[in-house]
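**Student:** The structure that follows is given in the form of structure tokens.
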Amino acid sequence: MLWVDKYRPRILDKMIVHEEVAQNLKKLVSEQDCPHLLFYGPPGSGKKTLIMALLKEMFGPAAEKVKLEQKAWKIDAGTRTIELELAMLASTHHVELNPSDAGFQDRYIVQEIIKEMAKNRPIDSKGKKGFKVLVLNEVDKLSKEAQHSLRRTMEKYSASCRLILCCSSSSRVTEAVRSRCLNIRVNAPSAEEIVKVLEFIAKKESIQLPPEFAARIAVQSCRSLRRAILSFETCRVQQYPFVMNQAIPPMDWEQYVSEIASDIMKEQSPKRLFQVRGKIYELLVNCIPPEIILKVKLLSELLKKLDAELKHEVCHWAAYYEHRMRLGQKAIFHIEAFIAKFMSIYKEFLIATFG
Ligand SMILES: Nc1ncnc2c1ncn2[C@@H]1O[C@H](COP(=O)(O)OP(=O)(O)OP(=O)(O)O)[C@@H](O)[C@H]1O
């Protein structure tokens with residue numbers, strides 16, 4: 001098991017970071033009146049860990065007994081029947097899924113699943129009808145229609161189910177949904193907090209971790225706990241005992257994006273665009289989120305190599321295609337369009353400068 005999973009705190013009392021949030025969640029559960037919740041914060045900050053521990057606090061060890069189901073839905077949408085298949089994790093008390101995986105049909109999934117859960121209310125320990133918890137991931141990626149339908153269904157079935165929504169950016173969640181939830185911000189942990197987690201893991205694994213090395217991993221992780229723990233484990237595999245100036249390798253996919261950026265800078269032609277497309281596909285099938293590829297990594301790699309004169313224009317087009325990517329369905333089209341645009345701008349610049 002990877003350390004990120006092995007050392008994920010299972011209960012609210014064992015949180016190494018976000019202790020205060022964890023204690024507030026504990027109070028919420030003890031008051032027996034848990035509202036709908038919206039967890040938001042950057043990737044790798046610890047949202048999922050808090051949600052899992054919260055479920056455990058609510059339902060005990062039963063919340064951890066989950067099974068993965070590939071559920072097929074047949075939804076009656078007036079004139080036609082929509083058939084959808086979606087993976088979900090379910091325990092007797094909760095269901096977790098990623099409704100934005102249903103693409104533009106996400107609103108049907110949102111409506112249908114809440115209705116179905118409301119029908120199957122569990123009985124609580126006192127013999128009364130309890131409530132089920134529905135965990136929806138990446139709600140910021142839901143279409144506006146799906147978010148409206150989420151709001152309606154949330155109100156209608158609030159007695160029978162509680163929603164736990166999770167996302168990176170709360171500004172992409174409609175005000176109507178946000179205002180019906182208790183918003184919980186999960187900040188990116190500071191470098192000191194990350195070091196604390198790394199030291200905890202080192203102790204458990206009986207590893208000597210020099211403080212300066214831990215600090216370097218924390219800084220290089222860009223305040224993502226997941227990234228820091230993964231890097232730490234990679235370094236442990238590559239060389240142990242750690243040495244003073246040991247390199248912290250970038251993630252494989254990051255290395256790959258750097259290579260793509262170099263490919264684009266070396267040649268701007270339809271043939272090269274076609275080759276790069278294959279590489280982008282490879283990243284996407286390995287579940288690297290398209291917006292991370294485009295905005296966070298590819299753009300920053302290109303900017304590093306680019307003449308100052310072009311930076312502004314390239315940033316503008318990256319934002320333009322990122323926006324289109326959010327509106328559209330197939331991310332590859334928009335990433336490829338950005339690369340083609342970049343190639344044309346860069347080639348024009350080279351011709352104008354060097355002839
Ligand atoms: N409070 C915590 N104390 C110690 N370690 C933690 C804590 N929260 C998270 N971690 C570690 O960080 C890793 C990443 O956390 P988590 O998966 O909860 O992040 P996330 O915000 O849900 O990320 P994403 O949005 O990318 O899914 C966990 O696997 C766990 O090992």
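Letters for chains follow the order of the structure tokens (A, B, ...), residue numbers begin at 1 for each chain, and ligand numbers begin at 1 in the order shown.
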Would you tabulate, counting only C-alpha atoms, all residues of segment 180-258 of chain A that have an atom at most 10 Å from an atom of segment 164-173 of chain A, showing the closest pair of atoms and their distance in Å to one decimal, sorted by chain then ascending number, as a Markdown table?
**Tutor:**
| residue | atom | partner | partner_atom | distance |
| --- | --- | --- | --- | --- |
| A:Cys181 | CA | A:Ile164 | CA | 8.6 |
| A:Leu182 | CA | A:Ile164 | CA | 9.5 |
| A:Asn183 | CA | A:Ser170 | CA | 8.8 |
| A:Ile184 | CA | A:Cys166 | CA | 9.5 |
| A:Arg185 | CA | A:Ser170 | CA | 9.1 |
| A:Val186 | CA | A:Ser168 | CA | 9.4 |
**Student:** Keeping only N, CA and C atoms, write those residues as a compact mmCIF listing (two decimals), in the first residue's frame.
**Tutor:**
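Ended up saving to part.txt:
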# COMPACT_ATOMS: atom_id res chain seq x y z
N CYS A 181 -25.55 25.01 2.04
CA CYS A 181 -24.60 24.11 2.71
C CYS A 181 -23.79 24.88 3.74
N LEU A 182 -23.25 24.12 4.67
CA LEU A 182 -22.25 24.71 5.55
C LEU A 182 -20.92 24.59 4.81
N ASN A 183 -20.32 25.73 4.50
CA ASN A 183 -19.08 25.72 3.69
C ASN A 183 -17.87 25.49 4.57
N ILE A 184 -17.07 24.49 4.20
CA ILE A 184 -15.87 24.20 5.00
C ILE A 184 -14.64 24.35 4.12
N ARG A 185 -13.84 25.36 4.44
CA ARG A 185 -12.64 25.57 3.63
C ARG A 185 -11.51 24.71 4.18
N VAL A 186 -10.89 23.93 3.28
CA VAL A 186 -9.75 23.11 3.68
C VAL A 186 -8.52 23.74 3.03
**Student:** Could you name the residues that touch segment 243-247 of chain A at 10 Å or less, counting only C-alpha atoms, but leaving out those on the same chain fewer than 6 positions away, as an mmCIF file with N, CA and C atoms, in the first residue's frame?
**Tutor:**
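Saved file out19.cif follows:
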data_model
loop_
_atom_site.group_PDB
_atom_site.id
_atom_site.type_symbol
_atom_site.label_atom_id
_atom_site.label_comp_id
_atom_site.auth_asym_id
_atom_site.auth_seq_id
_atom_site.Cartn_x
_atom_site.Cartn_y
_atom_site.Cartn_z
ATOM 1 N N LEU A 209 14.944 10.905 8.860
ATOM 2 C CA LEU A 209 14.613 11.970 7.900
ATOM 3 C C LEU A 209 15.270 13.275 8.343
ATOM 4 N N PRO A 210 16.358 13.708 7.673
ATOM 5 C CA PRO A 210 16.998 14.971 8.070
ATOM 6 C C PRO A 210 16.025 16.143 7.891
ATOM 7 N N GLU A 212 16.326 19.228 7.042
ATOM 8 C CA GLU A 212 16.423 20.076 5.830
ATOM 9 C C GLU A 212 15.855 19.359 4.605
ATOM 10 N N PHE A 213 16.014 18.035 4.595
ATOM 11 C CA PHE A 213 15.489 17.268 3.462
ATOM 12 C C PHE A 213 13.948 17.294 3.493
ATOM 13 N N ARG A 216 12.787 20.530 2.248
ATOM 14 C CA ARG A 216 12.894 20.660 0.786
ATOM 15 C C ARG A 216 11.727 19.952 0.085
ATOM 16 N N ILE A 217 11.378 18.771 0.588
ATOM 17 C CA ILE A 217 10.234 18.045 -0.012
ATOM 18 C C ILE A 217 8.973 18.892 0.142
ATOM 19 N N CYS A 235 11.645 9.098 -3.026
ATOM 20 C CA CYS A 235 13.039 9.330 -2.600
ATOM 21 C C CYS A 235 13.530 8.141 -1.771
#
**Student:** Around ligand 1, at most 9 Å away and counting only C-alpha atoms and all ligand atoms, which residues are there? Put them as a PyMOL selection string, please.
**Tutor:** chain A and resi 2-9+12+14-19+22+39-52+137-138+166-168+186-189+193-194+196-198+200+224-230
**Student:** Name the residues in contact with Lys27 of chain A at a cut-off of 12 Å, using only C-alpha atoms, excluding same-chain residues fewer than 6 positions from it; report them as a list of chain:residue names.
**Tutor:**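 Here the answer would be A:Leu12, A:Asp13, A:Glu20, A:Val21, A:Asp33, A:Cys34, A:Leu54, A:Glu57, A:Met58.
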**Student:** What does the file look like for those residues with N, CA and C atoms, as a PDB file, in the first residue's frame?
**Tutor:**
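Saved file out-v1.pdb follows:
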ATOM      1  N   LEU A  12     -11.270  11.504  13.149  1.00  0.00           N
ATOM      2  CA  LEU A  12     -11.094  12.958  13.268  1.00  0.00           C
ATOM      3  C   LEU A  12     -10.066  13.334  14.337  1.00  0.00           C
ATOM      4  N   ASP A  13      -9.970  12.524  15.391  1.00  0.00           N
ATOM      5  CA  ASP A  13      -9.026  12.843  16.465  1.00  0.00           C
ATOM      6  C   ASP A  13      -7.571  12.648  16.060  1.00  0.00           C
ATOM      7  N   GLU A  20      -8.369  21.769  13.789  1.00  0.00           N
ATOM      8  CA  GLU A  20      -9.489  22.592  14.236  1.00  0.00           C
ATOM      9  C   GLU A  20     -10.757  22.247  13.446  1.00  0.00           C
ATOM     10  N   VAL A  21     -10.585  22.093  12.111  1.00  0.00           N
ATOM     11  CA  VAL A  21     -11.733  21.728  11.282  1.00  0.00           C
ATOM     12  C   VAL A  21     -12.285  20.396  11.777  1.00  0.00           C
ATOM     13  N   ASP A  33     -27.225  17.216  14.366  1.00  0.00           N
ATOM     14  CA  ASP A  33     -27.980  17.982  13.389  1.00  0.00           C
ATOM     15  C   ASP A  33     -27.049  18.401  12.264  1.00  0.00           C
ATOM     16  N   CYS A  34     -26.591  17.422  11.567  1.00  0.00           N
ATOM     17  CA  CYS A  34     -25.592  17.714  10.553  1.00  0.00           C
ATOM     18  C   CYS A  34     -26.254  18.302   9.304  1.00  0.00           C
ATOM     19  N   LEU A  54     -15.177  11.907   8.837  1.00  0.00           N
ATOM     20  CA  LEU A  54     -16.489  12.389   9.285  1.00  0.00           C
ATOM     21  C   LEU A  54     -17.533  11.273   9.170  1.00  0.00           C
ATOM     22  N   GLU A  57     -17.100   8.942  11.919  1.00  0.00           N
ATOM     23  CA  GLU A  57     -17.614   9.506  13.171  1.00  0.00           C
ATOM     24  C   GLU A  57     -19.140   9.356  13.217  1.00  0.00           C
ATOM     25  N   MET A  58     -19.790   9.502  12.076  1.00  0.00           N
ATOM     26  CA  MET A  58     -21.255   9.428  12.032  1.00  0.00           C
ATOM     27  C   MET A  58     -21.763   8.004  12.173  1.00  0.00           C
TER      28      MET A  58
END
**Student:** Write out as a list of chain:residue names the set of residues from segment 112-331 of chain A that DSSP, computed on the backbone, places in strand (DSSP E).
**Tutor:** A:Lys132, A:Val133, A:Leu134, A:Val135, A:Leu136, A:Cys161, A:Arg162, A:Leu163, A:Ile164, A:Leu165, A:Cys166, A:Cys167, A:Leu182, A:Asn183, A:Ile184, A:Arg185
**Student:** Would you mind listing what lies within 8 Å of Met325 of chain A as a PyMOL selection string, with only C-alpha atoms counted and same-chain residues fewer than 5 positions away left out?
**Tutor:** chain A and resi 330-331+334-335
**Student:** Residues near Glu145 of chain A, anyone? I mean within 10 Å using only C-alpha atoms, not counting same-chain ones fewer than 3 positions away, as a list of chain:residue names.
**Tutor:**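 Skipping anything fewer than 3 positions along the chain leaves A:Phe104, A:Gln105, A:Asp106, A:Arg107, A:Tyr108, A:Leu142, A:His148, A:Ser149, A:Leu150, A:Arg151.
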**Student:** With N, CA and C atoms kept, could you save the residues just selected as a short mmCIF file (atom, residue, chain, number, x, y, z; two decimals), in the first residue's frame?
**Tutor:**
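To be explicit, this is the file written out as selection_37.cif:
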data_model
loop_
_atom_site.label_atom_id
_atom_site.label_comp_id
_atom_site.auth_asym_id
_atom_site.auth_seq_id
_atom_site.Cartn_x
_atom_site.Cartn_y
_atom_site.Cartn_z
N PHE A 104 -22.60 15.65 -20.16
CA PHE A 104 -23.69 16.62 -20.24
C PHE A 104 -25.01 16.06 -19.71
N GLN A 105 -25.01 14.75 -19.35
CA GLN A 105 -26.24 14.20 -18.78
C GLN A 105 -26.19 14.18 -17.26
N ASP A 106 -25.27 14.96 -16.70
CA ASP A 106 -25.07 14.92 -15.26
C ASP A 106 -26.31 15.28 -14.45
N ARG A 107 -27.18 16.16 -15.02
CA ARG A 107 -28.32 16.57 -14.20
C ARG A 107 -29.28 15.42 -13.95
N TYR A 108 -29.39 14.49 -14.90
CA TYR A 108 -30.29 13.35 -14.70
C TYR A 108 -29.79 12.49 -13.56
N LEU A 142 -19.81 20.23 -12.32
CA LEU A 142 -21.17 19.96 -12.79
C LEU A 142 -21.67 21.11 -13.64
N HIS A 148 -28.53 23.36 -10.71
CA HIS A 148 -29.89 23.80 -10.38
C HIS A 148 -30.72 22.62 -9.90
N SER A 149 -30.55 21.52 -10.61
CA SER A 149 -31.36 20.37 -10.22
C SER A 149 -30.90 19.83 -8.86
N LEU A 150 -29.62 20.00 -8.58
CA LEU A 150 -29.09 19.60 -7.27
C LEU A 150 -29.76 20.44 -6.18
N ARG A 151 -29.89 21.72 -6.43
CA ARG A 151 -30.51 22.60 -5.44
C ARG A 151 -31.96 22.18 -5.16
#
**Student:** Excluding same-chain residues fewer than 2 positions from segment 263-278 of chain A, what lies within 10 Å of it counting only C-alpha atoms, as a PDB file with C-alpha atoms, in the first residue's frame?
**Tutor:**
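This went into part-v7.pdb:
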ATOM      1  CA  VAL A 257       4.781  17.387 -19.916  1.00  0.00           C
ATOM      2  CA  SER A 258       8.216  19.054 -19.908  1.00  0.00           C
ATOM      3  CA  GLU A 259       9.196  16.819 -22.813  1.00  0.00           C
ATOM      4  CA  ILE A 260       5.999  17.772 -24.640  1.00  0.00           C
ATOM      5  CA  ALA A 261       6.816  21.469 -24.109  1.00  0.00           C
ATOM      6  CA  ILE A 280      -1.484  14.273 -24.479  1.00  0.00           C
ATOM      7  CA  TYR A 281      -3.834  11.329 -24.969  1.00  0.00           C
ATOM      8  CA  GLU A 282      -1.485   9.192 -22.949  1.00  0.00           C
ATOM      9  CA  LEU A 283      -1.599  11.659 -20.064  1.00  0.00           C
ATOM     10  CA  LEU A 284      -5.390  11.813 -20.187  1.00  0.00           C
ATOM     11  CA  LEU A 302       6.223  26.936 -22.175  1.00  0.00           C
ATOM     12  CA  LYS A 305      11.231  28.832 -22.395  1.00  0.00           C
ATOM     13  CA  LEU A 306       9.477  31.750 -24.036  1.00  0.00           C
ATOM     14  CA  ILE A 332      -8.235  16.801 -26.007  1.00  0.00           C
ATOM     15  CA  PHE A 333      -9.734  19.096 -28.684  1.00  0.00           C
ATOM     16  CA  ILE A 335      -5.604  21.242 -25.470  1.00  0.00           C
ATOM     17  CA  GLU A 336      -4.699  20.465 -29.062  1.00  0.00           C
ATOM     18  CA  ALA A 337      -6.255  23.738 -30.241  1.00  0.00           C
ATOM     19  CA  ILE A 339      -0.982  23.857 -28.886  1.00  0.00           C
ATOM     20  CA  ALA A 340      -1.817  24.627 -32.520  1.00  0.00           C
ATOM     21  CA  PHE A 342       0.835  28.387 -29.683  1.00  0.00           C
ATOM     22  CA  MET A 343       2.734  26.866 -32.611  1.00  0.00           C
ATOM     23  CA  SER A 344       1.328  29.460 -34.994  1.00  0.00           C
ATOM     24  CA  ILE A 345       2.159  32.390 -32.676  1.00  0.00           C
ATOM     25  CA  TYR A 346       5.644  31.080 -32.000  1.00  0.00           C
ATOM     26  CA  LYS A 347       6.425  30.317 -35.643  1.00  0.00           C
TER      27      LYS A 347
END
**Student:** Name the closest residue to Gln111 of chain A among the candidates A:Ala77, A:Ile201, A:Leu68, A:Val133; distances are taken between atoms, counting only C-alpha atoms.
**Tutor:**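 The answer is A:Ala77, which sits nearest to Gln111 of chain A.
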**Student:** Would you give me, as JSON, numbers by chain, the residues in segment 26-266 of chain A that DSSP reads as helix (DSSP H, G or I)?
**Tutor:** {"A": [26, 27, 28, 29, 30, 47, 48, 49, 50, 51, 52, 53, 54, 55, 56, 57, 58, 59, 60, 61, 62, 63, 64, 99, 100, 101, 102, 103, 104, 105, 106, 107, 108, 109, 110, 111, 112, 113, 114, 115, 116, 117, 118, 119, 139, 140, 141, 144, 145, 146, 147, 148, 149, 150, 151, 152, 153, 154, 155, 156, 170, 171, 172, 175, 176, 177, 178, 191, 192, 193, 194, 195, 196, 197, 198, 199, 200, 201, 202, 203, 204, 211, 212, 213, 214, 215, 216, 217, 218, 219, 220, 225, 226, 227, 228, 229, 230, 231, 232, 233, 234, 235, 236, 237, 238, 252, 253, 254, 255, 256, 257, 258, 259, 260, 261, 262, 263, 264, 265, 266]}
**Student:** Between atom CA of Gly355 of chain A and atom CA of His312 of chain A, what distance in Å does the model show, to one decimal?
**Tutor:**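 If I compute the distance from atom CA of Gly355 of chain A to atom CA of His312 of chain A, I get 22.6 Å.
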**Student:** Have a look at A:Gln147, A:Ser91, A:Asn286, A:Ser190 and name the one nearest to Ile109 of chain A; count only C-alpha atoms.
**Tutor:**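 With only C-alpha atoms as the atom set, the closest residue is A:Gln147.
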**Student:** Please compute the atom CA of Ala318 of chain A-atom CA of Asp140 of chain A distance, one decimal, in Å.
**Tutor:**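 Result for atom CA of Ala318 of chain A versus atom CA of Asp140 of chain A: 19.9 Å, one decimal.
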**Student:** If I take atom CA of Arg223 of chain A and atom CA of Glu205 of chain A, how far is one from the other in Å, to one decimal?
**Tutor:**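 Atom CA of Arg223 of chain A sits 22.6 Å away from atom CA of Glu205 of chain A.
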**Student:** Pick out the residues sitting within 12 Å of Glu313 of chain A, and hand them over as a PyMOL selection string; count only C-alpha atoms, and ignore anything fewer than 2 positions along from it in its own chain.
**Tutor:** chain A and resi 299+303+306-311+315-320+338+341-342+344-346+349
